[in-house]
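Written out below as structure tokens is the structure these notes cover.
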Amino acid sequence: MKVHLIKDGDVSKETFSEVIDLLQAITGPLEFTCDSLNIINFEVDEFLEKKVSNVKAFEKSIGAHITYSSKSQIVMNKKESRPLKSFTFPFSRKTTNWTTIFDKCNIYRTKNNIPNNEFVILLTEVSNSNNWFASLDEKMPFNGFIHTADWNHFIKCLDSFPIAFEVIALILQKHMFNDYNELRTSVHIEPIGCINDMCFEKKDIKLKMRTADICQDCMTKLNGKLSLAEIHQALSIMESLRVKMLFSQNFKQTVPLSKLLIDKRNRIFLPDFGNIEIKLRPLEKTLYFLYLKHTDGIGLSFLCDFKQEMYDIYTSLSSIGDFQEMRNRIDEMVNITSNSAAEKISKIKAGFVKAIGIELAKNYYIQGGNGEVKKIVLNRDLYKRINY
Ligand SMILES: [Zn+2]
């Protein structure tokens, strides 16, 4: 079954490619494709600048024809319920309605001859009038959208984790329920940690993702609707996202360290932390690989002594680009007056921290105070490079 992911112009390329990588990490009959070239734009008359007056409104979804009790909040401990990203209320944000969003899916479907049994899911930064994270289209349930903004307010991890999770949720929901009517009467109004929790209180999404589970009742509904291989793949992706989220939310900061694996395509993985990939740009990787090799560390002012080695690493990583231009970039990086290396080092640090949380990350990133020798403290017994 094919799932086509498309995005609007405001969804970052990084997030979009992370989502795709997370989904494609586990192979199976569900096939995820992304179209980053066809940007879906919202015209000025297709959204309103709508005011969000307070945090309560911001954190609540509005039921589309669903009646519910407002007592469904579960109690989180104080630390967890504190908003993670601060907003100053009131503020305005682009808001559109579901019809407009699903029209975009339909136009894309027609334009690209996508059959009616393949998903078209639009990732959009524009919020929607019901303030939902994600939904399927009532009229064409193979259409869906995911609102990609504001996740940081609810969950502290890479945005791509919950977005990828929602992609799987939409696919499963499409098949669990015969139609939208059944969906809206069958979702769990009180959150129980099932993929079908309604999350009128948007914070409840955290419970859903922490369990990454499907309750027995909902599992029964999948019987015969999807193949076992499809269900297995969906569950495996959910589980891999759950593990990755736990690491990045510091829930698992006391576990043994993971190996650090560089594969033959020079990608960096932490296989024991849910096989999460640490994404770095070629120049950042060049610096990182240099420091991996030199266990005693290198002071920034001595980087210029390693220029040749860096040229070699960089050209092995990036085949595109002019040779002289690549040399210039390395020259710039080792130039102590340029601050370029320090910037790369903080980008590398941010990459690890976002993925596995600050405590675990310290073992993997390049560290050392101003003017001191910088190094990666990781015991190199844990470092493995695959060259074949
Ligand atoms: Zn359920």
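Following the order of the structure tokens, chains are lettered A, B, ..., residues in each are numbered from 1, and ligands are numbered from 1.
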
Please provide as a CSV table (one decimal) with N, CA and C atoms, in the first residue's frame all residues within 9 Å of Met140 in chain A, with the sequence filter that same-chain residues fewer than 4 positions apart are discarded (counting only C-alpha atoms).
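Result file around11.csv:
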chain,number,residue,atom,x,y,z
A,102,PHE,N,-8.4,19.3,2.6
A,102,PHE,CA,-8.6,18.1,1.8
A,102,PHE,C,-8.8,18.3,0.3
A,106,ASN,N,-7.0,16.4,-2.8
A,106,ASN,CA,-7.7,15.9,-4.0
A,106,ASN,C,-7.0,16.4,-5.3
A,116,ASN,N,-7.4,5.7,-5.9
A,116,ASN,CA,-8.2,6.0,-4.7
A,116,ASN,C,-7.9,5.1,-3.5
A,136,LEU,N,-8.4,12.4,9.2
A,136,LEU,CA,-8.7,11.8,7.8
A,136,LEU,C,-9.9,12.7,7.3
A,144,GLY,N,-5.6,12.7,4.2
A,144,GLY,CA,-5.4,13.1,5.6
A,144,GLY,C,-4.5,14.3,5.7

Exercise for the section: Residues within 9 Å of ligand 1 should be enumerated using only C-alpha atoms and all ligand atoms and returned as a PyMOL selection string. Expected result: chain A and resi 186-188+192-197+213-219

Dump as a JSON list (two decimals), in the first residue's frame, selection limited to all heavy atoms:
[["chain", "number", "residue", "atom", "x", "y", "z"],
["A", 186, "SER", "N", -16.41, 5.76, 17.73],
["A", 186, "SER", "CA", -15.63, 4.68, 18.35],
["A", 186, "SER", "C", -14.35, 5.13, 19.03],
["A", 186, "SER", "O", -13.74, 4.35, 19.75],
["A", 186, "SER", "CB", -15.26, 3.63, 17.30],
["A", 186, "SER", "OG", -16.40, 3.20, 16.62],
["A", 187, "VAL", "N", -13.91, 6.35, 18.75],
["A", 187, "VAL", "CA", -12.66, 6.79, 19.38],
["A", 187, "VAL", "C", -12.84, 6.87, 20.90],
["A", 187, "VAL", "O", -13.96, 6.97, 21.39],
["A", 187, "VAL", "CB", -12.21, 8.18, 18.86],
["A", 187, "VAL", "CG1", -11.71, 8.07, 17.45],
["A", 187, "VAL", "CG2", -13.32, 9.20, 19.01],
["A", 188, "HIS", "N", -11.73, 6.76, 21.62],
["A", 188, "HIS", "CA", -11.82, 6.81, 23.08],
["A", 188, "HIS", "C", -11.83, 8.27, 23.54],
["A", 188, "HIS", "O", -10.85, 8.98, 23.35],
["A", 188, "HIS", "CB", -10.63, 6.10, 23.72],
["A", 188, "HIS", "CG", -10.40, 4.73, 23.18],
["A", 188, "HIS", "ND1", -11.36, 3.75, 23.27],
["A", 188, "HIS", "CD2", -9.35, 4.18, 22.54],
["A", 188, "HIS", "CE1", -10.89, 2.65, 22.70],
["A", 188, "HIS", "NE2", -9.68, 2.88, 22.23],
["A", 192, "ILE", "N", -6.93, 6.31, 27.11],
["A", 192, "ILE", "CA", -6.50, 5.06, 27.74],
["A", 192, "ILE", "C", -5.12, 4.61, 27.24],
["A", 192, "ILE", "O", -4.67, 3.52, 27.53],
["A", 192, "ILE", "CB", -7.53, 3.93, 27.49],
["A", 192, "ILE", "CG1", -7.68, 3.66, 25.97],
["A", 192, "ILE", "CG2", -8.87, 4.23, 28.11],
["A", 192, "ILE", "CD1", -8.43, 2.38, 25.65],
["A", 193, "GLY", "N", -4.48, 5.47, 26.46],
["A", 193, "GLY", "CA", -3.17, 5.09, 25.93],
["A", 193, "GLY", "C", -3.30, 4.21, 24.70],
["A", 193, "GLY", "O", -2.46, 3.36, 24.45],
["A", 194, "CYS", "N", -4.35, 4.41, 23.92],
["A", 194, "CYS", "CA", -4.54, 3.68, 22.66],
["A", 194, "CYS", "C", -4.39, 4.67, 21.51],
["A", 194, "CYS", "O", -4.64, 5.87, 21.67],
["A", 194, "CYS", "CB", -5.94, 3.04, 22.63],
["A", 194, "CYS", "SG", -6.39, 2.34, 21.02],
["A", 195, "ILE", "N", -4.01, 4.16, 20.38],
["A", 195, "ILE", "CA", -3.82, 5.02, 19.21],
["A", 195, "ILE", "C", -5.11, 5.78, 18.84],
["A", 195, "ILE", "O", -5.07, 6.83, 18.22],
["A", 195, "ILE", "CB", -3.31, 4.16, 18.03],
["A", 195, "ILE", "CG1", -2.73, 5.05, 16.95],
["A", 195, "ILE", "CG2", -4.37, 3.24, 17.49],
["A", 195, "ILE", "CD1", -1.90, 4.30, 15.95],
["A", 196, "ASN", "N", -6.25, 5.24, 19.29],
["A", 196, "ASN", "CA", -7.53, 5.90, 19.00],
["A", 196, "ASN", "C", -8.02, 6.83, 20.10],
["A", 196, "ASN", "O", -9.19, 7.20, 20.12],
["A", 196, "ASN", "CB", -8.60, 4.86, 18.70],
["A", 196, "ASN", "CG", -8.41, 4.30, 17.31],
["A", 196, "ASN", "OD1", -7.94, 5.00, 16.42],
["A", 196, "ASN", "ND2", -8.75, 3.04, 17.13],
["A", 197, "ASP", "N", -7.14, 7.22, 21.02],
["A", 197, "ASP", "CA", -7.53, 8.24, 22.00],
["A", 197, "ASP", "C", -7.83, 9.54, 21.27],
["A", 197, "ASP", "O", -7.08, 9.95, 20.38],
["A", 197, "ASP", "CB", -6.38, 8.49, 23.01],
["A", 197, "ASP", "CG", -6.25, 7.37, 24.01],
["A", 197, "ASP", "OD1", -7.06, 6.44, 23.97],
["A", 197, "ASP", "OD2", -5.31, 7.43, 24.83],
["A", 213, "ASP", "N", 0.40, 2.12, 21.69],
["A", 213, "ASP", "CA", -0.30, 0.85, 21.78],
["A", 213, "ASP", "C", -1.65, 0.92, 21.05],
["A", 213, "ASP", "O", -2.16, 2.01, 20.75],
["A", 213, "ASP", "CB", -0.53, 0.54, 23.27],
["A", 213, "ASP", "CG", -0.72, -0.95, 23.49],
["A", 213, "ASP", "OD1", -0.57, -1.73, 22.52],
["A", 213, "ASP", "OD2", -1.03, -1.32, 24.63],
["A", 214, "ILE", "N", -2.18, -0.25, 20.76],
["A", 214, "ILE", "CA", -3.55, -0.35, 20.24],
["A", 214, "ILE", "C", -4.29, -1.25, 21.21],
["A", 214, "ILE", "O", -3.84, -2.37, 21.48],
["A", 214, "ILE", "CB", -3.57, -0.99, 18.84],
["A", 214, "ILE", "CG1", -2.66, -0.20, 17.89],
["A", 214, "ILE", "CG2", -4.99, -1.04, 18.30],
["A", 214, "ILE", "CD1", -2.61, -0.77, 16.48],
["A", 215, "CYS", "N", -5.39, -0.77, 21.76],
["A", 215, "CYS", "CA", -6.10, -1.59, 22.75],
["A", 215, "CYS", "C", -6.74, -2.79, 22.06],
["A", 215, "CYS", "O", -6.88, -2.82, 20.83],
["A", 215, "CYS", "CB", -7.12, -0.75, 23.52],
["A", 215, "CYS", "SG", -8.64, -0.44, 22.60],
["A", 216, "GLN", "N", -7.15, -3.77, 22.87],
["A", 216, "GLN", "CA", -7.65, -5.02, 22.31],
["A", 216, "GLN", "C", -8.87, -4.79, 21.40],
["A", 216, "GLN", "O", -8.95, -5.36, 20.32],
["A", 216, "GLN", "CB", -7.97, -5.99, 23.45],
["A", 216, "GLN", "CG", -8.00, -7.44, 23.02],
["A", 216, "GLN", "CD", -6.74, -7.86, 22.23],
["A", 216, "GLN", "OE1", -5.63, -7.65, 22.71],
["A", 216, "GLN", "NE2", -6.91, -8.39, 21.03],
["A", 217, "ASP", "N", -9.77, -3.93, 21.86],
["A", 217, "ASP", "CA", -10.99, -3.66, 21.06],
["A", 217, "ASP", "C", -10.63, -3.12, 19.68],
["A", 217, "ASP", "O", -11.19, -3.53, 18.67],
["A", 217, "ASP", "CB", -11.86, -2.60, 21.76],
["A", 217, "ASP", "CG", -12.60, -3.20, 22.94],
["A", 217, "ASP", "OD1", -12.52, -4.45, 23.09],
["A", 217, "ASP", "OD2", -13.22, -2.43, 23.69],
["A", 218, "CYS", "N", -9.70, -2.18, 19.67],
["A", 218, "CYS", "CA", -9.33, -1.56, 18.39],
["A", 218, "CYS", "C", -8.55, -2.54, 17.52],
["A", 218, "CYS", "O", -8.70, -2.54, 16.30],
["A", 218, "CYS", "CB", -8.52, -0.29, 18.64],
["A", 218, "CYS", "SG", -9.49, 1.01, 19.43],
["A", 219, "MET", "N", -7.73, -3.36, 18.17],
["A", 219, "MET", "CA", -6.96, -4.36, 17.43],
["A", 219, "MET", "C", -7.91, -5.31, 16.70],
["A", 219, "MET", "O", -7.69, -5.66, 15.54],
["A", 219, "MET", "CB", -6.06, -5.12, 18.40],
["A", 219, "MET", "CG", -4.99, -5.94, 17.74],
["A", 219, "MET", "SD", -3.88, -4.95, 16.74],
["A", 219, "MET", "CE", -2.44, -4.95, 17.77]]

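Proximity to range 117-121 of chain A at 9 Å, evaluated using only C-alpha atoms and with sequence-adjacent residues fewer than 5 positions away removed, yields Met1, Lys2, Val3, His4, Leu5, Ile6, Lys7, Cys105, Asn106, Tyr108, Arg109, Leu136, Pro141, Phe142, Asn143, Gly144, Phe145, Ile146, Val167, Leu170 and Ile171 of chain A.
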
With C-alpha atoms retained, write the just-selected residues as a PDB file, in the first residue's frame.
ATOM      1  CA  MET A   1       0.000   0.000   0.000  1.00  0.00           C
ATOM      2  CA  LYS A   2       1.379   3.356  -0.972  1.00  0.00           C
ATOM      3  CA  VAL A   3       1.365   6.412   1.246  1.00  0.00           C
ATOM      4  CA  HIS A   4       2.197   9.712  -0.455  1.00  0.00           C
ATOM      5  CA  LEU A   5       3.405  12.452   1.858  1.00  0.00           C
ATOM      6  CA  ILE A   6       3.235  16.030   0.667  1.00  0.00           C
ATOM      7  CA  LYS A   7       3.979  19.306   2.425  1.00  0.00           C
ATOM      8  CA  CYS A 105      -5.099  16.497  -1.252  1.00  0.00           C
ATOM      9  CA  ASN A 106      -7.681  15.890  -3.981  1.00  0.00           C
ATOM     10  CA  TYR A 108      -2.704  16.610  -5.826  1.00  0.00           C
ATOM     11  CA  ARG A 109      -4.294  13.175  -6.234  1.00  0.00           C
ATOM     12  CA  LEU A 136      -8.749  11.824   7.849  1.00  0.00           C
ATOM     13  CA  PRO A 141     -10.730   8.616   3.857  1.00  0.00           C
ATOM     14  CA  PHE A 142      -7.476   8.017   1.999  1.00  0.00           C
ATOM     15  CA  ASN A 143      -6.835  11.750   2.379  1.00  0.00           C
ATOM     16  CA  GLY A 144      -5.405  13.059   5.604  1.00  0.00           C
ATOM     17  CA  PHE A 145      -3.532  15.971   7.115  1.00  0.00           C
ATOM     18  CA  ILE A 146      -1.122  16.476   9.972  1.00  0.00           C
ATOM     19  CA  VAL A 167       0.971   9.145   9.818  1.00  0.00           C
ATOM     20  CA  LEU A 170      -4.152   7.776  10.224  1.00  0.00           C
ATOM     21  CA  ILE A 171      -3.378   4.674   8.172  1.00  0.00           C
TER      22      ILE A 171
END

Handout entry: Option closest in space to Arg242 in chain A, from A:Ala57, A:Leu317, A:Val377, A:Ala212 [counting only C-alpha atoms]
Key =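 Distance minimum relative to Arg242 in chain A lands on A:Ala212.
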
Practice task
Give the answer as one residue: which of A:Ile366, A:Ser318, A:Leu257, A:Leu30 has the shortest atom-to-atom distance to Leu290 in chain A, using only C-alpha atoms?
Solution key: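 Counting only C-alpha atoms, the residue closest to Leu290 in chain A is A:Ile366.
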
Exercise for the section: Tell me which protein, DNA and RNA residues are within 8 Å of Tyr365 in chain A, counting only C-alpha atoms, leaving out same-chain ones fewer than 3 positions away, and put them as a ChimeraX atom specification. Expected result: /A:345,348-349,352,361-362,376

Practice task
Please identify which residues in range 84-241 of chain A DSSP calls alpha helix (DSSP H) from the backbone, and express them as a count of residues only.
Solution key: 70

Problem - Point-to-point distance from CA of Phe161 in chain A to CA of Leu241 in chain A, Å rounded to tenths - result: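 Pair CA of Phe161 in chain A / CA of Leu241 in chain A returns 6.1 Å.
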
Practice task
Just give me the gap between CA of Phe91 in chain A and CA of Leu158 in chain A in Å, one decimal is fine.
Solution key: 23.8 Å

Exercise for the section: With a distance cut-off of 10 Å and only C-alpha atoms, select the neighbouring residues of Ile205 in chain A, excluding the residue or stretch itself and same-chain residues fewer than 3 positions from it, and output the selection as a PyMOL selection string. Expected result: chain A and resi 133+151+154-155+162+191+193-195+197-202+208-210

Save the residues we just selected, all heavy atoms, as a compact mmCIF listing (two decimals), in the first residue's frame?
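Writing done, so here's out.txt:
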# COMPACT_ATOMS: atom_id res chain seq x y z
N PHE A 133 -4.58 17.82 15.72
CA PHE A 133 -3.25 17.44 15.28
C PHE A 133 -3.30 16.83 13.88
O PHE A 133 -2.42 17.04 13.06
CB PHE A 133 -2.65 16.37 16.20
CG PHE A 133 -2.23 16.87 17.55
CD1 PHE A 133 -2.73 16.29 18.71
CD2 PHE A 133 -1.30 17.89 17.66
CE1 PHE A 133 -2.32 16.72 19.95
CE2 PHE A 133 -0.89 18.33 18.92
CZ PHE A 133 -1.40 17.74 20.06
N TRP A 151 4.28 21.25 18.08
CA TRP A 151 4.45 19.99 18.83
C TRP A 151 5.28 20.19 20.07
O TRP A 151 5.08 19.52 21.08
CB TRP A 151 5.10 18.92 17.93
CG TRP A 151 4.14 18.34 16.96
CD1 TRP A 151 4.04 18.62 15.64
CD2 TRP A 151 3.10 17.37 17.23
NE1 TRP A 151 3.02 17.90 15.07
CE2 TRP A 151 2.44 17.13 16.04
CE3 TRP A 151 2.69 16.70 18.39
CZ2 TRP A 151 1.37 16.24 15.94
CZ3 TRP A 151 1.63 15.82 18.30
CH2 TRP A 151 0.98 15.60 17.09
N PHE A 154 3.79 20.44 23.41
CA PHE A 154 3.17 19.28 24.03
C PHE A 154 4.14 18.15 24.33
O PHE A 154 3.97 17.41 25.30
CB PHE A 154 2.04 18.75 23.13
CG PHE A 154 0.97 19.77 22.89
CD1 PHE A 154 0.96 20.54 21.73
CD2 PHE A 154 0.00 20.01 23.85
CE1 PHE A 154 -0.01 21.50 21.52
CE2 PHE A 154 -0.97 20.97 23.65
CZ PHE A 154 -0.98 21.72 22.48
N ILE A 155 5.12 17.99 23.49
CA ILE A 155 6.07 16.89 23.66
C ILE A 155 7.47 17.40 23.41
O ILE A 155 7.70 18.09 22.41
CB ILE A 155 5.78 15.76 22.64
CG1 ILE A 155 4.40 15.17 22.87
CG2 ILE A 155 6.83 14.66 22.74
CD1 ILE A 155 4.10 14.03 21.94
N PRO A 162 6.46 12.67 16.63
CA PRO A 162 5.00 12.61 16.67
C PRO A 162 4.35 12.73 15.29
O PRO A 162 3.29 12.15 15.06
CB PRO A 162 4.60 13.80 17.56
CG PRO A 162 5.80 14.67 17.63
CD PRO A 162 6.99 13.79 17.45
N PRO A 191 -8.89 9.22 27.60
CA PRO A 191 -7.64 8.63 27.11
C PRO A 191 -7.25 7.35 27.85
O PRO A 191 -7.30 7.31 29.08
CB PRO A 191 -6.61 9.72 27.35
CG PRO A 191 -7.22 10.65 28.31
CD PRO A 191 -8.70 10.54 28.20
N GLY A 193 -4.48 5.47 26.46
CA GLY A 193 -3.17 5.09 25.93
C GLY A 193 -3.30 4.21 24.70
O GLY A 193 -2.46 3.36 24.45
N CYS A 194 -4.35 4.41 23.92
CA CYS A 194 -4.54 3.68 22.66
C CYS A 194 -4.39 4.67 21.51
O CYS A 194 -4.64 5.87 21.67
CB CYS A 194 -5.94 3.04 22.63
SG CYS A 194 -6.39 2.34 21.02
N ILE A 195 -4.01 4.16 20.38
CA ILE A 195 -3.82 5.02 19.21
C ILE A 195 -5.11 5.78 18.84
O ILE A 195 -5.07 6.83 18.22
CB ILE A 195 -3.31 4.16 18.03
CG1 ILE A 195 -2.73 5.05 16.95
CG2 ILE A 195 -4.37 3.24 17.49
CD1 ILE A 195 -1.90 4.30 15.95
N ASP A 197 -7.14 7.22 21.02
CA ASP A 197 -7.53 8.24 22.00
C ASP A 197 -7.83 9.54 21.27
O ASP A 197 -7.08 9.95 20.38
CB ASP A 197 -6.38 8.49 23.01
CG ASP A 197 -6.25 7.37 24.01
OD1 ASP A 197 -7.06 6.44 23.97
OD2 ASP A 197 -5.31 7.43 24.83
N MET A 198 -8.91 10.19 21.70
CA MET A 198 -9.36 11.37 20.98
C MET A 198 -8.46 12.58 21.19
O MET A 198 -8.27 13.38 20.28
CB MET A 198 -10.79 11.65 21.48
CG MET A 198 -11.53 12.71 20.75
SD MET A 198 -11.51 12.43 19.00
CE MET A 198 -10.79 13.94 18.45
N CYS A 199 -7.93 12.74 22.39
CA CYS A 199 -7.06 13.88 22.71
C CYS A 199 -7.71 15.24 22.49
O CYS A 199 -7.16 16.10 21.81
CB CYS A 199 -5.74 13.82 21.96
SG CYS A 199 -4.76 12.38 22.33
N PHE A 200 -8.92 15.39 23.06
CA PHE A 200 -9.50 16.74 23.06
C PHE A 200 -8.58 17.66 23.83
O PHE A 200 -8.39 18.81 23.47
CB PHE A 200 -10.89 16.72 23.71
CG PHE A 200 -11.94 16.22 22.77
CD1 PHE A 200 -12.62 15.05 23.02
CD2 PHE A 200 -12.24 16.93 21.61
CE1 PHE A 200 -13.57 14.59 22.14
CE2 PHE A 200 -13.20 16.48 20.73
CZ PHE A 200 -13.87 15.30 21.01
N GLU A 201 -8.05 17.13 24.94
CA GLU A 201 -6.98 17.86 25.62
C GLU A 201 -5.72 17.46 24.88
O GLU A 201 -5.28 16.31 24.95
CB GLU A 201 -6.88 17.45 27.10
CG GLU A 201 -8.02 17.94 27.96
CD GLU A 201 -8.08 19.46 28.05
OE1 GLU A 201 -7.03 20.11 27.84
OE2 GLU A 201 -9.16 19.98 28.32
N LYS A 202 -5.15 18.39 24.15
CA LYS A 202 -4.07 18.00 23.25
C LYS A 202 -2.87 17.42 23.98
O LYS A 202 -2.09 16.66 23.42
CB LYS A 202 -3.66 19.20 22.38
CG LYS A 202 -4.79 19.62 21.44
CD LYS A 202 -4.37 20.75 20.52
CE LYS A 202 -3.76 20.21 19.24
NZ LYS A 202 -3.56 21.29 18.23
N LYS A 208 -0.62 8.79 24.64
CA LYS A 208 -0.80 7.95 23.45
C LYS A 208 0.54 7.56 22.86
O LYS A 208 0.77 6.43 22.48
CB LYS A 208 -1.62 8.78 22.45
CG LYS A 208 -1.89 8.15 21.14
CD LYS A 208 -3.20 8.72 20.59
CE LYS A 208 -3.01 9.61 19.41
NZ LYS A 208 -4.29 9.97 18.76
N MET A 209 1.45 8.49 22.82
CA MET A 209 2.74 8.21 22.20
C MET A 209 3.66 7.44 23.13
O MET A 209 4.52 6.71 22.68
CB MET A 209 3.41 9.50 21.78
CG MET A 209 2.51 10.22 20.83
SD MET A 209 3.40 11.14 19.63
CE MET A 209 2.06 11.48 18.51
N ARG A 210 3.47 7.64 24.42
CA ARG A 210 4.34 6.92 25.35
C ARG A 210 3.99 5.44 25.39
O ARG A 210 4.82 4.59 25.62
CB ARG A 210 4.25 7.54 26.74
CG ARG A 210 5.47 7.27 27.56
CD ARG A 210 5.39 7.99 28.88
NE ARG A 210 5.55 9.41 28.75
CZ ARG A 210 5.30 10.26 29.73
NH1 ARG A 210 4.86 9.83 30.89
NH2 ARG A 210 5.50 11.55 29.55

Problem - Shell of 8 Å around Ile237 in chain A, only C-alpha atoms, local chain residues under 3 positions omitted, as a list in words - result: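 Selected residues are Leu22, Leu23, Ala25, Ile26, Phe165, Ile168, Gln233, Ala234, Ser240 and Leu241 of chain A.
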
Handout entry: Coordinates-based distance that separates CA of Val353 in chain A from CA of Phe247 in chain A (Å, one decimal)
Key = 9.8 Å

Handout entry: All residues 8 Å or closer to Ser129 in chain A, only C-alpha atoms, same chain fewer than 5 positions away omitted, as number ranges by chain
Key = A: 95-98

For the selection just defined, write its residues with C-alpha atoms to a file, as a short mmCIF file (atom, residue, chain, number, x, y, z; two decimals), in the first residue's frame.
data_model
loop_
_atom_site.label_atom_id
_atom_site.label_comp_id
_atom_site.auth_asym_id
_atom_site.auth_seq_id
_atom_site.Cartn_x
_atom_site.Cartn_y
_atom_site.Cartn_z
CA THR A 95 -5.85 28.98 10.32
CA THR A 96 -7.78 27.19 7.63
CA ASN A 97 -10.65 24.73 7.51
CA TRP A 98 -10.60 21.04 6.80
#

Exercise for the section: Would you list, as a list of chain:residue names, the residues of range 106-138 of chain A that end up in strand (DSSP E or B) under DSSP run on this structure's backbone? Expected result: A:Phe119, A:Val120, A:Ile121, A:Leu122, A:Leu123, A:Thr124, A:Ser127, A:Asn128, A:Ala134, A:Ser135, A:Leu136
